[in-house]
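For reference, structure_15.csv (CSV, C-alpha atoms):
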chain,number,residue,atom,x,y,z
A,1,MET,CA,8.0,-55.7,-23.7
A,2,VAL,CA,5.0,-53.7,-24.8
A,3,MET,CA,5.4,-50.0,-24.4
A,4,MET,CA,2.4,-48.2,-23.1
A,5,ALA,CA,1.7,-44.7,-24.4
A,6,SER,CA,1.5,-42.1,-21.7
A,7,VAL,CA,-1.9,-40.7,-20.9
A,8,PRO,CA,-2.1,-36.9,-20.4
A,9,ALA,CA,-3.5,-35.7,-17.1
A,10,GLN,CA,-7.1,-34.7,-17.4
A,11,ALA,CA,-8.1,-31.3,-16.3
A,12,ALA,CA,-10.7,-31.2,-13.6
A,13,PRO,CA,-14.2,-30.5,-14.9
A,14,GLN,CA,-15.5,-27.0,-14.4
A,15,VAL,CA,-18.7,-27.0,-12.4
A,16,ASP,CA,-21.0,-24.5,-10.6
A,17,GLY,CA,-24.1,-24.6,-8.5
A,18,TYR,CA,-26.3,-22.8,-6.1
A,19,VAL,CA,-29.3,-23.3,-3.9
A,20,TRP,CA,-32.0,-21.5,-1.9
A,21,ALA,CA,-32.4,-23.6,1.2
A,22,ASN,CA,-36.1,-22.8,2.1
A,23,SER,CA,-37.0,-25.6,4.5
A,24,PRO,CA,-34.7,-25.0,7.5
A,25,SER,CA,-36.3,-27.6,9.9
A,26,VAL,CA,-36.7,-30.4,7.4
A,27,ALA,CA,-34.3,-33.3,7.9
A,28,SER,CA,-33.6,-33.8,4.2
A,29,TYR,CA,-35.1,-32.6,0.9
A,30,VAL,CA,-34.2,-32.0,-2.7
A,31,ALA,CA,-34.3,-28.4,-3.7
A,32,SER,CA,-36.8,-27.5,-6.5
A,33,GLY,CA,-36.9,-24.2,-8.3
A,34,TYR,CA,-34.2,-21.9,-6.9
A,35,GLU,CA,-31.2,-24.2,-7.5
A,36,ARG,CA,-28.6,-24.9,-10.1
A,37,ASN,CA,-26.3,-27.9,-10.7
A,38,SER,CA,-24.2,-27.5,-13.9
A,39,THR,CA,-24.1,-31.3,-14.3
A,40,ASP,CA,-27.9,-31.5,-14.2
A,41,GLY,CA,-27.8,-33.4,-11.0
A,42,THR,CA,-29.9,-32.7,-7.9
A,43,VAL,CA,-29.1,-30.4,-5.0
A,44,GLN,CA,-30.0,-32.0,-1.7
A,45,ILE,CA,-30.0,-30.3,1.7
A,46,THR,CA,-29.7,-32.4,4.9
A,47,ARG,CA,-30.1,-31.1,8.4
A,48,SER,CA,-28.2,-33.1,11.1
A,49,SER,CA,-29.0,-30.9,14.1
A,50,ARG,CA,-30.1,-27.4,14.9
A,51,GLY,CA,-28.4,-25.0,12.4
A,52,VAL,CA,-26.1,-27.7,10.9
A,53,TYR,CA,-26.6,-28.5,7.2
A,54,GLN,CA,-25.0,-30.2,4.4
A,55,VAL,CA,-25.6,-29.2,0.8
A,56,ARG,CA,-25.0,-32.1,-1.7
A,57,PHE,CA,-24.4,-31.1,-5.4
A,58,THR,CA,-24.7,-34.5,-7.0
A,59,GLY,CA,-22.3,-35.3,-9.8
A,60,MET,CA,-20.2,-32.1,-9.2
A,61,ALA,CA,-17.3,-33.6,-7.3
A,62,VAL,CA,-14.0,-31.6,-7.8
A,63,SER,CA,-11.1,-30.6,-5.6
A,64,GLY,CA,-10.5,-27.0,-4.7
A,65,GLY,CA,-12.9,-24.3,-5.8
A,66,VAL,CA,-14.8,-21.9,-3.5
A,67,ALA,CA,-18.0,-22.1,-1.5
A,68,HIS,CA,-20.2,-19.4,0.1
A,69,ALA,CA,-23.3,-19.2,2.2
A,70,ARG,CA,-25.5,-16.3,3.4
A,71,PRO,CA,-28.6,-16.0,5.6
A,72,TYR,CA,-31.8,-15.2,3.7
A,73,GLY,CA,-35.2,-13.7,4.5
A,74,VAL,CA,-37.0,-10.7,5.8
A,75,GLY,CA,-35.8,-9.7,9.2
A,76,ASN,CA,-33.2,-12.5,9.3
A,77,THR,CA,-30.4,-11.2,11.6
A,78,GLY,CA,-28.7,-14.6,11.8
A,79,ILE,CA,-25.3,-15.8,10.8
A,80,CYS,CA,-24.3,-18.5,8.4
A,81,THR,CA,-20.8,-19.8,7.7
A,82,VAL,CA,-19.3,-22.4,5.5
A,83,SER,CA,-17.8,-25.2,7.7
A,84,SER,CA,-16.3,-27.3,4.9
A,85,TRP,CA,-16.4,-28.2,1.2
A,86,SER,CA,-15.0,-31.2,-0.5
A,87,PRO,CA,-15.8,-34.0,-3.0
A,88,SER,CA,-17.4,-37.2,-1.8
A,89,GLY,CA,-17.6,-39.9,-4.4
A,90,SER,CA,-19.1,-38.2,-7.4
A,91,ASP,CA,-20.7,-35.4,-5.4
A,92,GLU,CA,-19.6,-32.1,-4.0
A,93,LEU,CA,-20.5,-31.5,-0.3
A,94,VAL,CA,-20.7,-28.0,1.3
A,95,GLY,CA,-21.2,-27.8,5.0
A,96,VAL,CA,-23.2,-24.8,6.4
A,97,ARG,CA,-23.6,-23.7,10.0
A,98,CYS,CA,-26.2,-21.2,11.0
A,99,PHE,CA,-26.8,-19.2,14.2
A,100,ASP,CA,-29.2,-16.7,15.6
A,101,ALA,CA,-28.1,-13.1,16.2
A,102,SER,CA,-26.7,-14.0,19.6
A,103,GLY,CA,-24.5,-16.7,18.2
A,104,VAL,CA,-26.6,-19.7,19.3
A,105,PRO,CA,-27.0,-22.5,16.7
A,106,ALA,CA,-30.4,-22.0,15.0
A,107,ASP,CA,-32.3,-23.2,11.9
A,108,SER,CA,-32.3,-20.6,9.2
A,109,LEU,CA,-33.2,-20.0,5.6
A,110,PHE,CA,-30.0,-19.5,3.6
A,111,THR,CA,-28.4,-19.5,0.1
A,112,ALA,CA,-25.3,-21.4,-0.8
A,113,SER,CA,-23.1,-21.8,-3.8
A,114,PHE,CA,-20.0,-23.5,-5.1
A,115,THR,CA,-17.8,-23.1,-8.2
A,116,ASN,CA,-14.4,-24.0,-9.5
A,117,ARG,CA,-14.8,-22.1,-12.8
A,118,THR,CA,-12.2,-20.2,-14.7
A,119,THR,CA,-13.1,-17.6,-17.3
A,120,SER,CA,-11.9,-16.0,-20.5
A,121,THR,CA,-14.7,-13.4,-20.3
A,122,GLY,CA,-14.6,-10.6,-17.8
A,123,SER,CA,-12.6,-10.9,-14.5
A,124,LEU,CA,-13.0,-13.4,-11.7
A,125,ALA,CA,-11.0,-14.1,-8.6
A,126,TYR,CA,-11.6,-16.2,-5.6
A,127,LEU,CA,-9.6,-17.5,-2.6
A,128,TRP,CA,-9.7,-19.3,0.7
A,129,ALA,CA,-8.0,-17.2,3.4
A,130,ASN,CA,-6.8,-20.1,5.5
A,131,ASP,CA,-4.2,-18.4,7.8
A,132,PRO,CA,-6.0,-16.0,10.1
A,133,ALA,CA,-2.8,-15.2,12.1
A,134,ALA,CA,-0.4,-14.3,9.3
A,135,ARG,CA,1.0,-10.8,9.7
A,136,THR,CA,3.0,-10.8,6.5
A,137,PRO,CA,1.3,-11.2,3.1
A,138,TYR,CA,0.9,-14.8,2.0
A,139,VAL,CA,-0.3,-16.5,-1.1
A,140,PRO,CA,-3.4,-18.7,-0.6
A,141,SER,CA,-3.3,-22.3,-1.6
A,142,SER,CA,-3.5,-22.6,-5.4
A,143,ALA,CA,-6.0,-25.4,-5.1
A,144,TYR,CA,-8.5,-22.9,-3.5
A,145,SER,CA,-7.7,-19.8,-5.4
A,146,TYR,CA,-7.9,-18.4,-8.9
A,147,ASP,CA,-7.4,-15.1,-10.6
A,148,SER,CA,-8.3,-14.6,-14.3
A,149,THR,CA,-5.5,-12.1,-14.8
A,150,GLY,CA,-2.9,-14.8,-14.0
A,151,GLY,CA,-1.8,-12.7,-11.0
A,152,THR,CA,-1.0,-13.9,-7.5
A,153,SER,CA,-3.5,-13.0,-4.8
A,154,ARG,CA,-2.0,-12.0,-1.4
A,155,ILE,CA,-3.6,-11.5,2.0
A,156,TYR,CA,-2.5,-10.7,5.6
A,157,LYS,CA,-3.7,-9.8,9.0
A,158,GLN,CA,-3.5,-6.1,9.8
A,159,SER,CA,-5.1,-6.2,13.3
A,160,THR,CA,-7.6,-8.5,15.1
A,161,GLY,CA,-10.3,-9.4,12.6
A,162,LEU,CA,-9.0,-7.0,10.0
A,163,TYR,CA,-7.4,-8.3,6.9
A,164,MET,CA,-5.9,-6.8,3.7
A,165,MET,CA,-5.9,-8.6,0.4
A,166,TYR,CA,-4.8,-7.8,-3.1
A,167,LEU,CA,-6.5,-9.3,-6.2
A,168,GLY,CA,-5.2,-9.0,-9.7
A,169,ALA,CA,-8.8,-9.0,-11.0
A,170,VAL,CA,-9.5,-5.8,-9.1
A,171,ASP,CA,-6.2,-4.1,-10.1
A,172,ALA,CA,-6.9,-4.9,-13.8
A,173,HIS,CA,-9.9,-2.4,-13.6
A,174,TYR,CA,-8.2,0.4,-11.6
A,175,PRO,CA,-8.8,3.3,-11.5
A,176,VAL,CA,-12.0,3.5,-13.6
A,177,THR,CA,-14.3,0.5,-13.3
A,178,GLN,CA,-13.2,-1.6,-10.4
A,179,ASP,CA,-16.3,-0.6,-8.6
A,180,ASN,CA,-18.4,-2.3,-11.3
A,181,GLY,CA,-17.4,-5.6,-9.8
A,182,VAL,CA,-19.0,-7.3,-6.8
A,183,TYR,CA,-17.7,-9.3,-3.8
A,184,GLU,CA,-19.0,-12.2,-1.8
A,185,ILE,CA,-17.4,-13.1,1.5
A,186,THR,CA,-18.2,-15.9,3.9
A,187,ALA,CA,-16.6,-16.7,7.2
A,188,TYR,CA,-15.2,-20.3,7.3
A,189,GLY,CA,-15.6,-22.6,10.3
A,190,ILE,CA,-18.0,-23.7,13.0
A,191,ASN,CA,-18.2,-20.5,15.0
A,192,PRO,CA,-20.6,-17.6,14.5
A,193,VAL,CA,-18.6,-15.1,12.6
A,194,ARG,CA,-19.6,-12.5,10.0
A,195,CYS,CA,-17.1,-11.2,7.4
A,196,GLU,CA,-17.7,-8.2,5.1
A,197,VAL,CA,-15.8,-5.9,2.8
A,198,TYR,CA,-14.6,-3.0,5.0
A,199,GLY,CA,-13.4,-0.9,2.0
A,200,GLU,CA,-10.8,-0.4,-0.7
A,201,ASN,CA,-8.0,2.1,-0.8
A,202,ASP,CA,-7.8,4.3,-3.9
A,203,GLU,CA,-4.4,3.2,-5.0
A,204,TRP,CA,-2.7,0.6,-7.2
A,205,PRO,CA,-2.3,-2.2,-6.3
A,206,THR,CA,-5.5,-1.8,-4.5
A,207,PRO,CA,-5.6,-3.0,-0.8
A,208,ILE,CA,-9.1,-4.5,-0.1
A,209,ALA,CA,-10.0,-4.6,3.6
A,210,VAL,CA,-12.1,-7.5,5.1
A,211,LEU,CA,-13.5,-7.2,8.6
A,212,CYS,CA,-14.6,-10.2,10.6
A,213,VAL,CA,-16.7,-9.9,13.8
A,214,ASP,CA,-18.4,-12.3,16.2
A,215,ALA,CA,-22.0,-12.2,17.1
A,216,LYS,CA,-21.5,-9.3,19.5
A,217,GLY,CA,-19.8,-7.2,16.7
A,218,THR,CA,-16.4,-7.6,18.2
A,219,PRO,CA,-13.5,-8.0,15.7
A,220,VAL,CA,-12.3,-11.6,15.7
A,221,ASP,CA,-9.7,-13.5,13.7
A,222,ALA,CA,-11.2,-15.9,11.2
A,223,ARG,CA,-10.7,-17.9,8.1
A,224,PHE,CA,-13.0,-16.9,5.2
A,225,SER,CA,-13.6,-17.4,1.5
A,226,VAL,CA,-14.0,-14.5,-1.0
A,227,THR,CA,-15.0,-14.0,-4.6
A,228,TYR,CA,-14.7,-11.0,-6.8
A,229,ALA,CA,-16.4,-10.8,-10.2
A,230,HIS,CA,-16.5,-8.2,-12.9
A,231,GLY,CA,-18.3,-8.9,-16.2
A,232,VAL,CA,-19.2,-12.4,-15.2
A,233,SER,CA,-21.3,-13.7,-12.3
A,234,LEU,CA,-19.9,-14.6,-8.9
A,235,LEU,CA,-20.0,-18.2,-10.2
A,236,GLY,CA,-17.9,-17.4,-13.2
A,237,THR,CA,-20.8,-17.9,-15.6
A,238,THR,CA,-22.0,-15.6,-18.3
A,239,GLY,CA,-25.7,-16.2,-18.4
A,240,ALA,CA,-28.3,-13.5,-17.6
A,241,ARG,CA,-27.0,-11.5,-14.7
A,242,ALA,CA,-26.7,-8.0,-13.2
A,243,ASN,CA,-24.9,-6.5,-10.2
A,244,ALA,CA,-24.4,-3.1,-8.5
A,245,TYR,CA,-22.4,-1.4,-5.8
A,246,LEU,CA,-24.7,1.1,-4.0
A,247,ARG,CA,-23.5,4.0,-1.9
A,248,HIS,CA,-25.3,6.6,0.2
A,249,GLY,CA,-24.5,10.2,1.0
A,250,TRP,CA,-23.0,11.4,4.3
A,251,PRO,CA,-24.7,12.7,6.3
A,252,THR,CA,-27.8,12.1,4.2
A,253,PRO,CA,-28.3,8.3,4.2
A,254,THR,CA,-31.5,8.6,2.2
A,255,THR,CA,-29.6,9.6,-0.9
A,256,PHE,CA,-28.4,6.5,-2.7
A,257,TRP,CA,-26.6,6.1,-6.1
A,258,ALA,CA,-24.9,3.3,-8.0
A,259,ALA,CA,-21.2,3.8,-7.6
A,260,GLY,CA,-20.6,0.9,-10.0
A,261,TYR,CA,-22.9,-1.5,-11.8
A,262,TRP,CA,-23.3,-4.0,-14.6
A,263,GLY,CA,-26.6,-4.9,-16.2
A,264,PRO,CA,-28.1,-5.5,-19.7
A,265,GLY,CA,-30.4,-2.5,-19.5
A,266,GLY,CA,-28.0,0.0,-17.9
A,267,ALA,CA,-28.1,1.7,-14.5
A,268,PRO,CA,-30.2,0.0,-11.8
A,269,THR,CA,-33.0,1.8,-9.9
A,270,ILE,CA,-32.6,2.0,-6.1
A,271,SER,CA,-35.7,2.4,-3.9
A,272,ARG,CA,-35.3,2.9,-0.1
A,273,TYR,CA,-38.3,1.6,1.8
A,274,GLY,CA,-37.1,2.6,5.2
A,275,THR,CA,-34.0,2.6,7.3
A,276,GLY,CA,-31.7,-0.1,5.9
A,277,GLN,CA,-34.3,-1.5,3.5
A,278,TYR,CA,-33.8,-1.3,-0.3
A,279,ALA,CA,-35.0,-2.6,-3.6
A,280,VAL,CA,-32.5,-2.7,-6.5
A,281,SER,CA,-34.2,-3.2,-9.9
A,282,PHE,CA,-32.2,-4.1,-13.0
A,283,PRO,CA,-33.7,-2.9,-16.3
A,284,GLY,CA,-33.5,-5.3,-19.2
A,285,LEU,CA,-33.1,-8.3,-16.9
A,286,SER,CA,-35.7,-11.0,-16.7
A,287,ILE,CA,-34.8,-14.4,-15.1
A,288,GLY,CA,-36.7,-17.3,-13.7
A,289,TYR,CA,-35.8,-18.3,-10.2
A,290,GLY,CA,-32.1,-17.6,-10.1
A,291,HIS,CA,-29.7,-16.8,-7.3
A,292,ALA,CA,-29.1,-13.5,-5.4
A,293,THR,CA,-26.6,-12.4,-2.9
A,294,ALA,CA,-25.8,-9.1,-1.1
A,295,GLY,CA,-23.2,-7.9,1.4
A,296,SER,CA,-22.1,-4.7,3.3
A,297,ARG,CA,-19.3,-2.8,1.6
A,298,GLY,CA,-17.3,0.0,3.2
A,299,ASP,CA,-18.9,0.2,6.6
A,300,PRO,CA,-17.4,-1.7,9.6
A,301,LEU,CA,-20.6,-1.5,11.6
A,302,THR,CA,-23.0,-3.2,9.2
A,303,TYR,CA,-23.9,-6.4,7.6
A,304,CYS,CA,-26.4,-7.0,4.8
A,305,HIS,CA,-28.6,-9.9,3.6
A,306,VAL,CA,-31.0,-10.6,0.7
A,307,ALA,CA,-34.6,-10.4,2.0
A,308,TYR,CA,-36.0,-11.8,-1.3
A,309,TRP,CA,-35.7,-11.4,-5.0
A,310,GLY,CA,-37.7,-11.6,-8.2
A,311,SER,CA,-37.0,-11.8,-11.9
A,312,ASN,CA,-35.3,-8.4,-12.2
A,313,TYR,CA,-34.9,-7.0,-8.6
A,314,VAL,CA,-33.4,-7.8,-5.2
A,315,ARG,CA,-34.7,-6.6,-1.8
A,316,VAL,CA,-31.8,-6.0,0.6
A,317,ALA,CA,-31.8,-5.3,4.3
A,318,CYS,CA,-28.8,-4.0,6.3
A,319,TYR,CA,-28.3,-4.2,10.0
A,320,HIS,CA,-26.0,-2.9,12.8
A,321,ASN,CA,-23.6,-5.7,13.7
A,322,VAL,CA,-23.8,-4.9,17.5
A,323,THR,CA,-27.5,-4.0,18.0
A,324,ASN,CA,-28.9,-5.9,14.9
A,325,ALA,CA,-31.2,-3.0,14.3
A,326,LEU,CA,-31.9,-1.9,10.7
A,327,ILE,CA,-29.3,0.7,9.6
A,328,ASP,CA,-28.4,2.4,6.3
A,329,SER,CA,-25.3,1.0,4.7
A,330,ASP,CA,-23.4,0.9,1.4
A,331,PHE,CA,-23.7,-2.6,-0.1
A,332,THR,CA,-23.2,-4.8,-3.1
A,333,VAL,CA,-25.9,-6.9,-4.7
A,334,SER,CA,-25.9,-9.5,-7.5
A,335,LEU,CA,-28.6,-11.5,-9.4
A,336,THR,CA,-27.9,-14.3,-11.8
A,337,VAL,CA,-29.4,-17.4,-13.4
If you convert what's in this file into C-alpha cells, what do you get?
Amino acid sequence: MVMMASVPAQAAPQVDGYVWANSPSVASYVASGYERNSTDGTVQITRSSRGVYQVRFTGMAVSGGVAHARPYGVGNTGICTVSSWSPSGSDELVGVRCFDASGVPADSLFTASFTNRTTSTGSLAYLWANDPAARTPYVPSSAYSYDSTGGTSRIYKQSTGLYMMYLGAVDAHYPVTQDNGVYEITAYGINPVRCEVYGENDEWPTPIAVLCVDAKGTPVDARFSVTYAHGVSLLGTTGARANAYLRHGWPTPTTFWAAGYWGPGGAPTISRYGTGQYAVSFPGLSIGYGHATAGSRGDPLTYCHVAYWGSNYVRVACYHNVTNALIDSDFTVSLTV
C-alpha cells in the first residue's frame, strides 16, 4: 500500500473589486475606467429586465465575503439593493436591484463592490445581517463576517426596522478615534429598502444603530450587509484613499465640520452648495478613476448618495426619506483607488 501525504487545505484567495455601472439601459457591457478587479479580470454588467442587474467579477470566485451597491448620480433619489452574491465557476456574481423613489423597478446608475479581504493594517469589519426578526443578539455567519480584532460581531432587532450591532473594530478605537472610520450599509433582497447608520451610543462596547425603511420612509424589517473601515479602505485595501465623517450644527445646518477623518493631507475641506449638497475635498490625495461611496449617519430621516467624484473630491447629496427633497444631514464619505 502506498501512503499518500495529506494535503493541507488551501486558504481562499483574497480578492476585491468595484464598479461604476454607467449604462443603466444597456443589456450587457464590460466596464472601462471606473472599475477594479484584483485578479486583473473584467467587470461585466448585465441587465436582464428593468432595474435588475448582475455584476460579474471574472476570476474572483470565492465563498463568503461582503457585497454593496448604492445609487449614483446628480438628483438620483432611487434605491439600489444587493439581491445576492456568490461564486459561479471562476467568477464572482453580485446581483443588484434598483428602484425609483416610489419603489417601482427602474434602471439606474449605481456603484457596486465586493471583497473578502482580511487586514493586518488598520481595522476592518463586515457582516451580513441575515436574521431580520432576531430580538436577542446573534452572531452572524462566520462565512459572511470578519473582524480584524478577532472579536465576535453581534446584532439584534430593537424594533421594526431598527437594529443594534456591536463591532470589535469600532470598540478598538473607543473613545477617541472611532469616528475616523466609515460605514457602508446596503439592504439585501429584492424589495425597495434603504438602510443607513442611525447613530452610535457613546459607551463601550459601542451600540451602533441601523435603520431600514421602505420607499415611503416607513421602518421595515430587512436583511442587510455592513462594512466598517478605519485606516484601510472599505475594501480592506491600503492604496490611495481618504474618508470623512461630516456633521452639521443644530439648529444651524449650514455649519459643517469633520467629526472624524483620515486622509494623506490632513483634514478635508467641506463646501455646502445648497440644501443637502456638498463637496468634500481631500488634500494630498490624487487618484485616477477610483471608487466613492457615501451614506447618511445619525439622522433617521435622511439618506445620502454620491453625485459624482474626481481625483481628490466627492460630491454628495442628501435627501429626506419620505419626501425625497434635498435636506441637510450628517454623512460619511470615502474615496479610494
When you count all atoms listed in the file, which of these residues is closest to Ile45 of chain A: A:Ser334, A:Asn76, A:Thr269, A:Ser25?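 Between A:Ser334, A:Asn76, A:Thr269, A:Ser25, the residue approaching Ile45 of chain A most closely is A:Ser25.
Compared by their closest atoms to Phe57 of chain A, and using only C-alpha atoms, the residues A:His291, A:Arg272, A:Arg36, A:Arg70 rank with A:Arg36 nearest.
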Could the residues of segment 182-261 of chain A that have an atom at most 8 Å from segment 78-97 of chain A be listed as a tab-separated table, each with its closest atom pair and the distance in Å to one decimal, counting all atoms listed in the file and ordered by chain and ascending residue number?
residue	atom	partner	partner_atom	distance
A:Thr186	CA	A:Thr81	CA	6.0
A:Ala187	CA	A:Thr81	CA	5.2
A:Tyr188	CA	A:Val82	CA	4.9
A:Gly189	CA	A:Ser83	CA	4.3
A:Ile190	CA	A:Ser83	CA	5.5
A:Asn191	CA	A:Thr81	CA	7.8
A:Pro192	CA	A:Ile79	CA	6.2
A:Val193	CA	A:Ile79	CA	7.0
A:Arg194	CA	A:Ile79	CA	6.6
A:Ala215	CA	A:Ile79	CA	8.0
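Between Pro253 of chain A and the residues A:Val316, A:Ala129, A:Ile327, A:Ala21, the shortest atom-to-atom distance, using only C-alpha atoms, involves A:Ile327.
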Produce a table with one row for each residue of segment 44-88 of chain A that has an atom at most 7 Å from any atom of segment 103-126 of chain A, each row naming the nearest atom pair and its distance in Å at one decimal; use only C-alpha atoms; arrange rows by chain and rising residue number; format as JSON lines.
{"residue": "A:Arg50", "atom": "CA", "partner": "A:Ala106", "partner_atom": "CA", "distance": 5.4}
{"residue": "A:Gly51", "atom": "CA", "partner": "A:Asp107", "partner_atom": "CA", "distance": 4.3}
{"residue": "A:Gly64", "atom": "CA", "partner": "A:Asn116", "partner_atom": "CA", "distance": 6.9}
{"residue": "A:Gly65", "atom": "CA", "partner": "A:Asn116", "partner_atom": "CA", "distance": 4.0}
{"residue": "A:Val66", "atom": "CA", "partner": "A:Phe114", "partner_atom": "CA", "distance": 5.7}
{"residue": "A:Ala67", "atom": "CA", "partner": "A:Phe114", "partner_atom": "CA", "distance": 4.3}
{"residue": "A:His68", "atom": "CA", "partner": "A:Ser113", "partner_atom": "CA", "distance": 5.4}
{"residue": "A:Ala69", "atom": "CA", "partner": "A:Ala112", "partner_atom": "CA", "distance": 4.2}
{"residue": "A:Arg70", "atom": "CA", "partner": "A:Thr111", "partner_atom": "CA", "distance": 5.4}
{"residue": "A:Pro71", "atom": "CA", "partner": "A:Phe110", "partner_atom": "CA", "distance": 4.3}
{"residue": "A:Tyr72", "atom": "CA", "partner": "A:Phe110", "partner_atom": "CA", "distance": 4.7}
{"residue": "A:Gly73", "atom": "CA", "partner": "A:Leu109", "partner_atom": "CA", "distance": 6.7}
Write out as a list in words each polymer residue whose atoms come within 6 Å of Val210 of chain A, counting all atoms listed in the file; drop sequence neighbours fewer than 4 positions from it.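 Result of the neighbour search: Leu162, Tyr163, Glu196, Val197 and Tyr198 of chain A.
Between Ser271 of chain A and the residues A:His248, A:Arg135, A:His230, A:Lys157, the shortest atom-to-atom distance, using all atoms listed in the file, involves A:His248.
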Give me, as a PDB file with C-alpha atoms, keeping the file's coordinate frame, all polymer residues having an atom no more than 6 Å from Asn321 of chain A, counting all atoms listed in the file and skipping those fewer than 4 positions away in the same chain.
ATOM      1  CA  GLY A 217     -19.800  -7.200  16.700  1.00  0.00           C
ATOM      2  CA  LEU A 301     -20.600  -1.500  11.600  1.00  0.00           C
ATOM      3  CA  THR A 302     -23.000  -3.200   9.200  1.00  0.00           C
TER       4      THR A 302
END
